[in-house]
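Next up, protein30.pdb (PDB, C-alpha atoms):
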ATOM      1  CA  MET A 549       9.587  13.820 -13.050
ATOM      2  CA  LEU A 550       8.695  17.494 -13.269
ATOM      3  CA  ASP A 551       5.196  16.498 -12.193
ATOM      4  CA  GLU A 552       4.531  15.687  -8.569
ATOM      5  CA  PRO A 553       3.742  12.050  -7.742
ATOM      6  CA  ARG A 554       0.309  11.477  -6.270
ATOM      7  CA  SER A 555       1.897  10.329  -3.015
ATOM      8  CA  GLY A 556       3.786  13.620  -2.838
ATOM      9  CA  ARG A 557       0.650  15.714  -3.264
ATOM     10  CA  LEU A 558      -1.223  13.633  -0.683
ATOM     11  CA  ALA A 559       1.585  13.862   1.879
ATOM     12  CA  ALA A 560       2.331  17.558   1.347
ATOM     13  CA  TRP A 561      -1.241  18.761   1.463
ATOM     14  CA  GLY A 562      -2.229  16.206   4.080
ATOM     15  CA  ASN A 563       0.507  17.626   6.291
ATOM     16  CA  ALA A 564      -0.838  21.133   5.685
ATOM     17  CA  LEU A 565      -4.286  19.925   6.750
ATOM     18  CA  ILE A 566      -2.949  18.220   9.866
ATOM     19  CA  ALA A 567      -1.106  21.409  10.800
ATOM     20  CA  GLY A 568      -4.251  23.485  10.306
ATOM     21  CA  LEU A 569      -2.651  25.484   7.502
ATOM     22  CA  ALA A 570      -5.102  24.566   4.729
ATOM     23  CA  ALA A 571      -8.853  24.035   4.516
ATOM     24  CA  PRO A 572     -10.128  20.483   3.869
ATOM     25  CA  ASP A 573     -11.805  21.337   0.568
ATOM     26  CA  ASP A 574      -8.685  23.120  -0.697
ATOM     27  CA  VAL A 575      -6.557  20.129   0.280
ATOM     28  CA  ALA A 576      -8.862  17.705  -1.524
ATOM     29  CA  GLY A 577      -8.683  19.826  -4.664
ATOM     30  CA  GLU A 578      -4.896  20.043  -4.586
ATOM     31  CA  VAL A 579      -4.445  16.305  -4.024
ATOM     32  CA  THR A 580      -6.963  15.300  -6.681
ATOM     33  CA  GLY A 581      -5.386  17.607  -9.261
ATOM     34  CA  GLY A 582      -6.425  16.538 -12.742
ATOM     35  CA  ASP A 583      -7.867  13.212 -11.584
ATOM     36  CA  THR A 584     -11.611  12.647 -11.444
ATOM     37  CA  VAL A 585     -11.898  11.441  -7.866
ATOM     38  CA  HIS A 586      -9.813  10.070  -4.988
ATOM     39  CA  ARG A 587     -11.125   7.685  -2.334
ATOM     40  CA  VAL A 588      -9.593   5.990   0.699
ATOM     41  CA  SER A 589     -10.467   2.387   1.605
ATOM     42  CA  GLY A 590      -9.577   0.184   4.551
ATOM     43  CA  LEU A 591      -9.397   2.971   7.128
ATOM     44  CA  PRO A 592      -9.785   1.891  10.766
ATOM     45  CA  GLY A 593     -13.388   2.498  11.801
ATOM     46  CA  GLU A 594     -14.741   2.696   8.251
ATOM     47  CA  THR A 595     -16.611  -0.145   6.547
ATOM     48  CA  GLY A 596     -15.996   0.989   2.972
ATOM     49  CA  PRO A 597     -14.277   3.584   0.806
ATOM     50  CA  VAL A 598     -14.653   7.218   1.858
ATOM     51  CA  GLY A 599     -13.914  10.510   0.190
ATOM     52  CA  LEU A 600     -10.522  12.139   0.485
ATOM     53  CA  THR A 601     -11.653  14.874   2.889
ATOM     54  CA  LEU A 602     -13.243  12.380   5.273
ATOM     55  CA  GLY A 603     -10.291  10.027   4.924
ATOM     56  CA  LEU A 604      -7.702  12.614   5.892
ATOM     57  CA  GLY A 605      -9.924  13.836   8.704
ATOM     58  CA  ARG A 606     -10.223  10.284  10.013
ATOM     59  CA  LEU A 607      -6.443   9.873  10.013
ATOM     60  CA  ARG A 608      -6.030  13.099  11.964
ATOM     61  CA  ALA A 609      -8.692  11.998  14.459
ATOM     62  CA  LEU A 610      -6.819   8.704  14.919
ATOM     63  CA  GLY A 611      -3.751  10.639  16.051
ATOM     64  CA  VAL A 612      -1.725  10.852  12.848
ATOM     65  CA  THR A 613       0.676  13.772  13.189
ATOM     66  CA  GLY A 614       2.335  13.692   9.769
ATOM     67  CA  LEU A 615       2.685  11.921   6.449
ATOM     68  CA  ARG A 616       5.822  10.844   4.639
ATOM     69  CA  ILE A 617       6.281   9.177   1.265
ATOM     70  CA  ALA A 618       8.130   6.292  -0.350
ATOM     71  CA  LEU A 619       9.222   6.064  -3.987
ATOM     72  CA  PRO A 620      10.529   2.503  -4.334
ATOM     73  CA  VAL A 621      11.823   0.790  -7.466
ATOM     74  CA  PRO A 622      13.099  -2.790  -7.879
ATOM     75  CA  GLY A 623      16.263  -3.182  -5.825
ATOM     76  CA  HIS A 624      15.755   0.088  -3.966
ATOM     77  CA  PRO A 625      12.945   0.121  -1.336
ATOM     78  CA  LEU A 626      13.307   3.884  -0.860
ATOM     79  CA  GLY A 627      11.245   5.125   2.081
ATOM     80  CA  LEU A 628       9.777   1.753   3.075
ATOM     81  CA  SER A 629      10.035  -0.057   6.413
ATOM     82  CA  GLY A 630       7.860  -3.148   5.851
ATOM     83  CA  PRO A 631       6.159  -5.494   6.247
ATOM     84  CA  PRO A 632       6.791  -7.409   2.992
ATOM     85  CA  GLU A 633       3.119  -7.292   1.978
ATOM     86  CA  PHE A 634       3.003  -3.508   2.136
ATOM     87  CA  ASN A 635       6.389  -3.167   0.463
ATOM     88  CA  ALA A 636       5.218  -5.357  -2.435
ATOM     89  CA  ARG A 637       2.086  -3.247  -2.975
ATOM     90  CA  ALA A 638       4.100  -0.021  -2.777
ATOM     91  CA  LEU A 639       6.717  -1.351  -5.189
ATOM     92  CA  ALA A 640       4.047  -2.332  -7.705
ATOM     93  CA  ALA A 641       2.568   1.182  -7.500
ATOM     94  CA  GLY A 642       5.976   2.882  -7.395
ATOM     95  CA  GLU A 643       4.896   5.030  -4.466
ATOM     96  CA  ALA A 644       3.189   5.074  -1.084
ATOM     97  CA  VAL A 645       2.314   7.341   1.843
ATOM     98  CA  ILE A 646       3.120   6.314   5.427
ATOM     99  CA  ALA A 647       1.422   7.800   8.464
ATOM    100  CA  VAL A 648       3.474   9.092  11.381
ATOM    101  CA  GLY A 649       1.847   8.863  14.795
ATOM    102  CA  GLY A 650      -1.498   7.203  15.310
ATOM    103  CA  PRO A 651      -2.022   3.646  14.053
ATOM    104  CA  PRO A 652       0.793   2.093  11.986
ATOM    105  CA  VAL A 653      -0.774   2.423   8.544
ATOM    106  CA  GLY A 654       0.212   3.390   5.036
ATOM    107  CA  LEU A 655      -1.634   4.254   1.839
ATOM    108  CA  VAL A 656      -0.939   2.780  -1.589
ATOM    109  CA  PRO A 657      -2.698   4.194  -4.679
ATOM    110  CA  GLU A 658      -4.550   2.092  -7.216
ATOM    111  CA  VAL A 659      -5.199   4.088 -10.397
ATOM    112  CA  THR A 660      -8.028   3.259 -12.796
ATOM    113  CA  GLU A 661      -8.448   4.998 -16.156
ATOM    114  CA  ALA A 662     -11.501   4.829 -18.416
ATOM    115  CA  GLY A 663     -12.767   6.675 -21.472
ATOM    116  CA  PRO A 664     -11.492   7.644 -24.909
ATOM    117  CA  ARG A 665      -8.305   9.591 -25.521
ATOM    118  CA  GLY A 666      -8.838  13.223 -24.657
ATOM    119  CA  ASP A 667     -11.647  12.401 -22.234
ATOM    120  CA  VAL A 668     -10.032   9.971 -19.818
ATOM    121  CA  HIS A 669     -11.527   9.717 -16.340
ATOM    122  CA  VAL A 670      -8.961   8.834 -13.681
ATOM    123  CA  GLU A 671     -10.051   7.388 -10.354
ATOM    124  CA  VAL A 672      -7.607   6.763  -7.520
ATOM    125  CA  GLU A 673      -8.286   4.484  -4.576
ATOM    126  CA  TRP A 674      -5.844   4.743  -1.691
ATOM    127  CA  HIS A 675      -5.675   1.383   0.069
ATOM    128  CA  CYS A 676      -4.969   1.751   3.789
ATOM    129  CA  LEU A 677      -2.742  -1.114   4.954
ATOM    130  CA  GLU A 678      -0.752  -1.994   8.043
ATOM    131  CA  VAL A 679       2.911  -0.963   8.075
ATOM    132  CA  ARG A 680       5.855  -1.788  10.296
ATOM    133  CA  GLN A 681       7.063   1.026  12.482
ATOM    134  CA  GLY A 682      10.704   1.810  11.899
ATOM    135  CA  PRO A 683      13.099   4.138  10.089
ATOM    136  CA  PRO A 684      12.415   4.477   6.351
ATOM    137  CA  ALA A 685      14.959   2.880   4.042
ATOM    138  CA  ASP A 686      17.723   5.047   2.543
ATOM    139  CA  VAL A 687      16.076   8.460   3.035
ATOM    140  CA  PRO A 688      18.659  11.263   3.438
ATOM    141  CA  SER A 689      18.204  14.398   5.471
ATOM    142  CA  LEU A 690      17.250  17.517   3.572
ATOM    143  CA  SER A 691      20.755  18.954   3.873
ATOM    144  CA  GLU A 692      22.331  15.717   2.635
ATOM    145  CA  ALA A 693      19.930  15.595  -0.303
ATOM    146  CA  GLU A 694      20.761  19.158  -1.310
ATOM    147  CA  ARG A 695      24.494  18.439  -1.351
ATOM    148  CA  GLU A 696      24.030  15.240  -3.341
ATOM    149  CA  LEU A 697      21.784  16.981  -5.852
ATOM    150  CA  ALA A 698      24.303  19.702  -6.617
ATOM    151  CA  GLU A 699      26.837  17.058  -7.622
ATOM    152  CA  ALA A 700      24.204  15.028  -9.474
ATOM    153  CA  LEU A 701      23.203  18.032 -11.570
ATOM    154  CA  ARG A 702      26.803  18.489 -12.686
ATOM    155  CA  GLU A 703      27.069  14.785 -13.500
ATOM    156  CA  THR A 704      23.812  14.865 -15.465
ATOM    157  CA  THR A 705      24.938  17.844 -17.521
ATOM    158  CA  GLU A 706      28.220  16.105 -18.311
ATOM    159  CA  ALA A 707      26.388  12.900 -19.187
ATOM    160  CA  LEU A 708      24.088  14.745 -21.565
ATOM    161  CA  MET A 709      27.102  16.192 -23.318
ATOM    162  CA  LYS A 710      28.813  12.788 -23.554
ATOM    163  CA  LEU A 711      25.683  11.154 -24.909
ATOM    164  CA  ASP A 712      25.053  14.058 -27.305
ATOM    165  CA  VAL A 713      21.349  13.914 -26.559
ATOM    166  CA  ALA A 714      20.874  17.405 -27.960
ATOM    167  CA  GLY A 715      22.239  16.188 -31.297
ATOM    168  CA  SER A 716      20.099  13.060 -31.372
ATOM    169  CA  GLY A 717      17.298  14.444 -33.485
ATOM    170  CA  PRO A 718      14.152  16.604 -33.377
ATOM    171  CA  THR A 719      12.479  14.589 -30.608
ATOM    172  CA  ALA A 720      15.377  15.199 -28.248
ATOM    173  CA  HIS A 721      15.484  18.880 -29.195
ATOM    174  CA  ALA A 722      11.762  19.210 -28.454
ATOM    175  CA  ALA A 723      12.169  17.494 -25.084
ATOM    176  CA  LEU A 724      15.069  19.763 -24.128
ATOM    177  CA  ASP A 725      13.190  22.883 -25.218
ATOM    178  CA  ALA A 726      10.136  21.844 -23.191
ATOM    179  CA  TYR A 727      12.337  21.211 -20.169
ATOM    180  CA  ARG A 728      14.004  24.636 -20.435
ATOM    181  CA  ALA A 729      10.651  26.381 -20.827
ATOM    182  CA  ARG A 730       9.189  24.709 -17.755
ATOM    183  CA  ALA A 731      12.338  25.252 -15.697
ATOM    184  CA  GLU A 732      12.327  28.973 -16.544
ATOM    185  CA  LYS A 733       8.610  29.370 -15.908
ATOM    186  CA  GLY A 734       8.674  27.530 -12.588
ATOM    187  CA  HIS A 735       5.687  26.002 -10.869
ATOM    188  CA  GLU A 736       4.153  25.611  -7.443
ATOM    189  CA  VAL A 737       5.495  22.738  -5.369
ATOM    190  CA  LEU A 738       4.788  21.393  -1.895
ATOM    191  CA  ALA A 739       2.262  23.074   0.417
ATOM    192  CA  PRO A 740       2.021  25.554   3.301
ATOM    193  CA  GLY A 741       4.155  24.634   6.299
ATOM    194  CA  TYR A 742       7.186  23.361   4.416
ATOM    195  CA  PRO A 743      10.564  25.061   4.907
ATOM    196  CA  PRO A 744      11.948  26.995   1.917
ATOM    197  CA  ARG A 745      14.854  24.575   1.682
ATOM    198  CA  ALA A 746      12.453  21.702   0.999
ATOM    199  CA  VAL A 747      10.846  23.661  -1.826
ATOM    200  CA  ARG A 748      14.287  24.366  -3.287
ATOM    201  CA  VAL A 749      15.425  20.738  -3.010
ATOM    202  CA  LEU A 750      12.247  19.384  -4.599
ATOM    203  CA  ALA A 751      12.468  21.788  -7.526
ATOM    204  CA  LEU A 752      16.104  20.812  -8.113
ATOM    205  CA  ALA A 753      15.291  17.097  -7.821
ATOM    206  CA  GLN A 754      12.590  17.494 -10.450
ATOM    207  CA  ARG A 755      15.038  19.277 -12.749
ATOM    208  CA  VAL A 756      17.596  16.491 -12.403
ATOM    209  CA  GLY A 757      14.913  13.855 -12.925
ATOM    210  CA  ALA A 758      13.681  15.599 -16.058
ATOM    211  CA  LEU A 759      17.177  15.701 -17.525
ATOM    212  CA  VAL A 760      17.661  12.007 -16.777
ATOM    213  CA  ALA A 761      14.357  11.195 -18.475
ATOM    214  CA  ILE A 762      15.445  13.110 -21.567
ATOM    215  CA  ALA A 763      18.847  11.444 -21.627
ATOM    216  CA  THR A 764      17.408   7.946 -21.289
ATOM    217  CA  GLY A 765      14.577   8.489 -23.771
ATOM    218  CA  GLU A 766      14.494   6.943 -27.217
ATOM    219  CA  HIS A 767      15.798   9.917 -29.202
ATOM    220  CA  GLY A 768      17.881   8.032 -31.723
ATOM    221  CA  GLY A 769      21.246   8.882 -30.146
ATOM    222  CA  ALA A 770      22.002   5.328 -29.026
ATOM    223  CA  VAL A 771      22.692   3.225 -32.098
ATOM    224  CA  SER A 772      23.566  -0.084 -30.466
ATOM    225  CA  ALA A 773      22.495  -2.247 -27.549
ATOM    226  CA  SER A 774      25.834  -1.616 -25.831
ATOM    227  CA  GLU A 775      25.379   2.162 -26.064
ATOM    228  CA  ILE A 776      21.847   1.901 -24.674
ATOM    229  CA  ALA A 777      23.175  -0.144 -21.744
ATOM    230  CA  ALA A 778      26.024   2.332 -21.199
ATOM    231  CA  ARG A 779      23.593   5.239 -21.143
ATOM    232  CA  ALA A 780      21.394   3.549 -18.535
ATOM    233  CA  GLU A 781      24.393   2.609 -16.380
ATOM    234  CA  LEU A 782      25.788   6.150 -16.500
ATOM    235  CA  LEU A 783      22.559   7.798 -15.388
ATOM    236  CA  ARG A 784      21.230   5.214 -12.913
ATOM    237  CA  PRO A 785      22.966   6.700  -9.844
ATOM    238  CA  VAL A 786      21.834  10.198 -10.832
ATOM    239  CA  GLU A 787      18.207   9.073 -11.067
ATOM    240  CA  ARG A 788      18.561   7.391  -7.679
ATOM    241  CA  THR A 789      19.870  10.601  -6.146
ATOM    242  CA  ALA A 790      16.959  12.591  -7.572
ATOM    243  CA  ARG A 791      14.400  10.138  -6.159
ATOM    244  CA  ARG A 792      16.069  10.189  -2.735
ATOM    245  CA  ALA A 793      15.970  13.980  -2.761
ATOM    246  CA  GLN A 794      12.290  14.014  -3.719
ATOM    247  CA  VAL A 795      11.473  11.805  -0.751
ATOM    248  CA  ALA A 796      13.601  13.955   1.558
ATOM    249  CA  ALA A 797      11.773  17.092   0.403
ATOM    250  CA  TYR A 798       8.287  15.669   0.901
ATOM    251  CA  ASN A 799       9.306  14.208   4.267
ATOM    252  CA  ALA A 800      10.828  17.489   5.445
ATOM    253  CA  TYR A 801       7.627  18.431   7.288
ATOM    254  CA  VAL A 802       7.916  15.332   9.470
ATOM    255  CA  GLU A 803      11.681  15.797   9.861
ATOM    256  CA  GLU A 804      11.195  19.396  10.999
ATOM    257  CA  ALA A 805       8.395  18.447  13.415
ATOM    258  CA  GLU A 806      10.559  15.741  14.990
ATOM    259  CA  ARG A 807      13.449  18.187  15.346
ATOM    260  CA  ARG A 808      11.216  20.655  17.193
ATOM    261  CA  ARG A 809      10.080  17.943  19.607
ATOM    262  CA  ASP A 810      13.660  16.886  20.456
TER
END

Using the file provided, produce a representation of the structure as C-alpha cells.
Amino acid sequence: MLDEPRSGRLAAWGNALIAGLAAPDDVAGEVTGGDTVHRVSGLPGETGPVGLTLGLGRLRALGVTGLRIALPVPGHPLGLSGPPEFNARALAAGEAVIAVGGPPVGLVPEVTEAGPRGDVHVEVEWHCLEVRQGPPADVPSLSEAERELAEALRETTEALMKLDVAGSGPTAHAALDAYRARAEKGHEVLAPGYPPRAVRVLALAQRVGALVAIATGEHGGAVSASEIAARAELLRPVERTARRAQVAAYNAYVEEAERRRD
C-alpha cells in the first residue's frame, strides 16, 4: 500500500491537468508510471480506444471539473454510488475513478500483462462507463480521516507487538526493514493543486497500510488457523481506516473545489 493505486495517479494528475497546473504530456507520464501504455475506451464521442492525453482532454472538454476515486472491497463499496453494473466492475478491479461535473461517467481499469519475468509489458485500458450521480459511499472528510488515522496507527503498532511480527522470522524482519527504509526516505505523492493536509494524510495512510500488510503476511508467526483468523480480525478495521483515508486524500481536490464554490 506504499505504492499509489492506478486510480489514485489518474485522479490526482487528471485533476492537475483540469486545473491547468500540469502539462498533458507530463500528466500522461505520471499516470502511466512503470506501465507500458494506458488507453481509454468508451468515451462519449469516441468510436474506439484513445490515448491517455486525448482521453483526459476529452473529459475536460465534456465539462468534467474533477476526478475522485473509489477503492472498494467485498462488503465495503468505498467511494461508489452505483449503478450495480459499475459497482461490480469496480469491485472486481478493486478501484475506479469517477468524474465530477460533465456526463455521469466513471473509469475502471483493466490490466493486461505479457512477457517473461523481468520484461513484463503492462497495458491498462480504462473502460468509461455510466455511473449514478450521488454521494460516494463511506468517504470521510480529510479532517475526519486524519483523526481516524492517528488512532489507527497506534492500534496497528500495538497489534504488531501483540502478534510479535518482528519475531516471526527473517521474512518479517526484511519486510519491516524495507518499510522503515521507505518511510524514512519518503516519496512523492499526489500532484500539484492538492492541499498539504491531503499529502500528509495520504502518506500516513500508506504507512498504516504497509504495516497492516506486514502484520497479515505469511511470516510464520501464526501457528494455527485460529491465530491466523484472530490476526485478520484484529487488523481488519485498521486496514479499512487506511483505505478510507486514501480515498479522502485523493478526493481532497474535489472536496476543496466544492468548498470554494459554496

Enclosing box along x, y and z for every listed atom of stretch 622-627 of chain A, padded 8 Å each side, centre and size in Å, one decimal, as lines of an AutoDock Vina configuration file:
center_x = 13.8
center_y = 1.0
center_z = -2.9
size_x = 21.0
size_y = 24.3
size_z = 26.0

Residues matched by the PyMOL selection byres ((chain A and resi 617) around 10) as an MDAnalysis selection string: chainID A and resid 553:560 615:616 618:620 626:628 643:647 654:655 684 687 794:799

Write the residues you've just listed into a file as a PDB file, in the frame of the given file, and include C-alpha atoms for each of them.
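And here is the file that came out, part_10.pdb:
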ATOM      1  CA  PRO A 553       3.742  12.050  -7.742  1.00  0.00           C
ATOM      2  CA  ARG A 554       0.309  11.477  -6.270  1.00  0.00           C
ATOM      3  CA  SER A 555       1.897  10.329  -3.015  1.00  0.00           C
ATOM      4  CA  GLY A 556       3.786  13.620  -2.838  1.00  0.00           C
ATOM      5  CA  ARG A 557       0.650  15.714  -3.264  1.00  0.00           C
ATOM      6  CA  LEU A 558      -1.223  13.633  -0.683  1.00  0.00           C
ATOM      7  CA  ALA A 559       1.585  13.862   1.879  1.00  0.00           C
ATOM      8  CA  ALA A 560       2.331  17.558   1.347  1.00  0.00           C
ATOM      9  CA  LEU A 615       2.685  11.921   6.449  1.00  0.00           C
ATOM     10  CA  ARG A 616       5.822  10.844   4.639  1.00  0.00           C
ATOM     11  CA  ALA A 618       8.130   6.292  -0.350  1.00  0.00           C
ATOM     12  CA  LEU A 619       9.222   6.064  -3.987  1.00  0.00           C
ATOM     13  CA  PRO A 620      10.529   2.503  -4.334  1.00  0.00           C
ATOM     14  CA  LEU A 626      13.307   3.884  -0.860  1.00  0.00           C
ATOM     15  CA  GLY A 627      11.245   5.125   2.081  1.00  0.00           C
ATOM     16  CA  LEU A 628       9.777   1.753   3.075  1.00  0.00           C
ATOM     17  CA  GLU A 643       4.896   5.030  -4.466  1.00  0.00           C
ATOM     18  CA  ALA A 644       3.189   5.074  -1.084  1.00  0.00           C
ATOM     19  CA  VAL A 645       2.314   7.341   1.843  1.00  0.00           C
ATOM     20  CA  ILE A 646       3.120   6.314   5.427  1.00  0.00           C
ATOM     21  CA  ALA A 647       1.422   7.800   8.464  1.00  0.00           C
ATOM     22  CA  GLY A 654       0.212   3.390   5.036  1.00  0.00           C
ATOM     23  CA  LEU A 655      -1.634   4.254   1.839  1.00  0.00           C
ATOM     24  CA  PRO A 684      12.415   4.477   6.351  1.00  0.00           C
ATOM     25  CA  VAL A 687      16.076   8.460   3.035  1.00  0.00           C
ATOM     26  CA  GLN A 794      12.290  14.014  -3.719  1.00  0.00           C
ATOM     27  CA  VAL A 795      11.473  11.805  -0.751  1.00  0.00           C
ATOM     28  CA  ALA A 796      13.601  13.955   1.558  1.00  0.00           C
ATOM     29  CA  ALA A 797      11.773  17.092   0.403  1.00  0.00           C
ATOM     30  CA  TYR A 798       8.287  15.669   0.901  1.00  0.00           C
ATOM     31  CA  ASN A 799       9.306  14.208   4.267  1.00  0.00           C
TER      32      ASN A 799
END

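Counting only C-alpha atoms, the residue from A:Gly757, A:Ala640, A:Pro572, A:Gly581 that sits nearest to A:Pro657 is A:Ala640.
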
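Using all atoms listed in the file, the nearest neighbour of A:Asp583 within the list A:Gln754, A:Thr660, A:Ser629, A:Thr595 is A:Thr660.
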
Selection result of the PyMOL selection byres ((chain A and resi 597-610) around 6) on this file, as a list in words: Pro572, Ala576, His586, Arg587, Val588, Ser589, Gly596, Gly611, Val612 and Gly650 of chain A

Separation of atom CA of A:Val648 from atom CA of A:Val802 in Å: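 According to the coordinates, atom CA of A:Val802 and atom CA of A:Val648 are separated by 7.9 Å.
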
Which polymer residues have any atom within 8 Å of an atom of stretch 561-569 of chain A, counting all atoms listed in the file, with same-chain residues fewer than 5 positions away left out, as a PDB file with C-alpha atoms, in the coordinates of the input?
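Everything below was put into selection21.pdb:
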ATOM      1  CA  VAL A 575      -6.557  20.129   0.280  1.00  0.00           C
ATOM      2  CA  GLU A 578      -4.896  20.043  -4.586  1.00  0.00           C
ATOM      3  CA  VAL A 579      -4.445  16.305  -4.024  1.00  0.00           C
ATOM      4  CA  LEU A 604      -7.702  12.614   5.892  1.00  0.00           C
ATOM      5  CA  ARG A 608      -6.030  13.099  11.964  1.00  0.00           C
ATOM      6  CA  THR A 613       0.676  13.772  13.189  1.00  0.00           C
ATOM      7  CA  GLY A 614       2.335  13.692   9.769  1.00  0.00           C
ATOM      8  CA  LEU A 615       2.685  11.921   6.449  1.00  0.00           C
ATOM      9  CA  LEU A 738       4.788  21.393  -1.895  1.00  0.00           C
ATOM     10  CA  ALA A 739       2.262  23.074   0.417  1.00  0.00           C
ATOM     11  CA  PRO A 740       2.021  25.554   3.301  1.00  0.00           C
ATOM     12  CA  GLY A 741       4.155  24.634   6.299  1.00  0.00           C
ATOM     13  CA  TYR A 801       7.627  18.431   7.288  1.00  0.00           C
TER      14      TYR A 801
END

Atom CA of A:Val756 to atom CA of A:Pro744, distance in Å rounded to a single decimal: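 So the two atoms, atom CA of A:Val756 and atom CA of A:Pro744, lie 18.6 Å apart.
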
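This file, queried with the PyMOL selection byres ((chain A and resi 787) around 10), gives the residues Ala700, Thr704, Ala753, Val756, Gly757, Ala758, Leu759, Val760, Ala761, Ala780, Leu782, Leu783, Arg784, Pro785, Val786, Arg788, Thr789, Ala790, Arg791, Arg792 and Ala793 of chain A.
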
For A:Pro652: contacts at 7 Å, all atoms listed in the file, fewer than 4 positions along chain excluded, given as a PyMOL selection string: chain A and resi 647+678-681

Export C-alpha atoms of the chosen residues as a short mmCIF file (atom, residue, chain, number, x, y, z; two decimals), keeping the file's coordinate frame?
data_model
loop_
_atom_site.label_atom_id
_atom_site.label_comp_id
_atom_site.auth_asym_id
_atom_site.auth_seq_id
_atom_site.Cartn_x
_atom_site.Cartn_y
_atom_site.Cartn_z
CA ALA A 647 1.42 7.80 8.46
CA GLU A 678 -0.75 -1.99 8.04
CA VAL A 679 2.91 -0.96 8.07
CA ARG A 680 5.86 -1.79 10.30
CA GLN A 681 7.06 1.03 12.48
#

Neighbour residues at most 9 Å from (21.6, 23.2, -3.5) (all atoms listed in the file) as JSON, numbers by chain: {"A": [691, 693, 694, 695, 696, 697, 698, 745, 748, 749, 752]}
